[in-house]
Amino acid sequence: MVGPLRHSGGVSEAPESPAEVGARRAAEYLHLIDNGRTAEGEALLGRLSDIRELVFVGAALTALARRTGRNLPTAMRAQASTRQVLLGQLRDRNRGDVEGLRGWLREAAEEVRTVQRLVEVARQRLGSAG
């Protein structure tokens with residue numbers, strides 16, 4: 001992120017980039033659904049009506065799932081990669097459809113949660129194997 005900007009004698013932060021806003025919203029959405037607050041998560045998605053906003057949230061979820069998936073054992077990583085391809089196809093089918101992209105975000109968030117659980121299970125198994 002760019003450092004603080006000075007103007008009119010005060011210091012203010014540089015505005016968030018669309019990618020940063022998308023990452024923040026993705027983290028917020030995951031936090032809500034992880035804590036069983038699905039109605040609030042749905043409200044968050046409902047406030048996103050611009051395709052560009054939805055795509056930036058999805059990009060953040062995709063990046064998180066891929067980054068987390070790198071910690072999986074080989075076979076599980078291959079399966080996660082296949083699911084990412086399918087999510088990409090879902091996104092592409094809904095490219096111009098706001099509600100369809102919201103569905104893609106729901107699925108992408110579930111993939112993040114799935115991969116996080118799988119990584120934890122793999123860590124536990126590796127820890128108990130040694």
# chains A, B, ... in the order shown; residues from 1 in each chain; ligands from 1
>>> residues_around(residues="region 25-31 of chain A", least_positions_apart="5", cutoff="9 Å", atoms="only C-alpha atoms", output="list in words")
Glu20, Gly36, Arg37, Thr38, Glu40, Gly41, Glu42, Leu44, Leu45, Phe56, Val57, Gly58, Ala59, Ala60, Leu61, Leu105, Ala109, Glu110, Val112 and Arg113 of chain A
>>> select_by_dssp(residues="region 46-83 of chain A", states="alpha helix (DSSP H)", output="number ranges by chain")
A: 46-47, 51-69, 74-83
>>> atom_distance(atom1="CA of Ile51 (chain A)", atom2="CA of Val98 (chain A)")
6.1 Å
>>> atom_distance(atom1="CA of Leu126 (chain A)", atom2="CA of Glu107 (chain A)")
28.3 Å
>>> atom_distance(atom1="CA of Ala80 (chain A)", atom2="CA of Val115 (chain A)")
7.3 Å
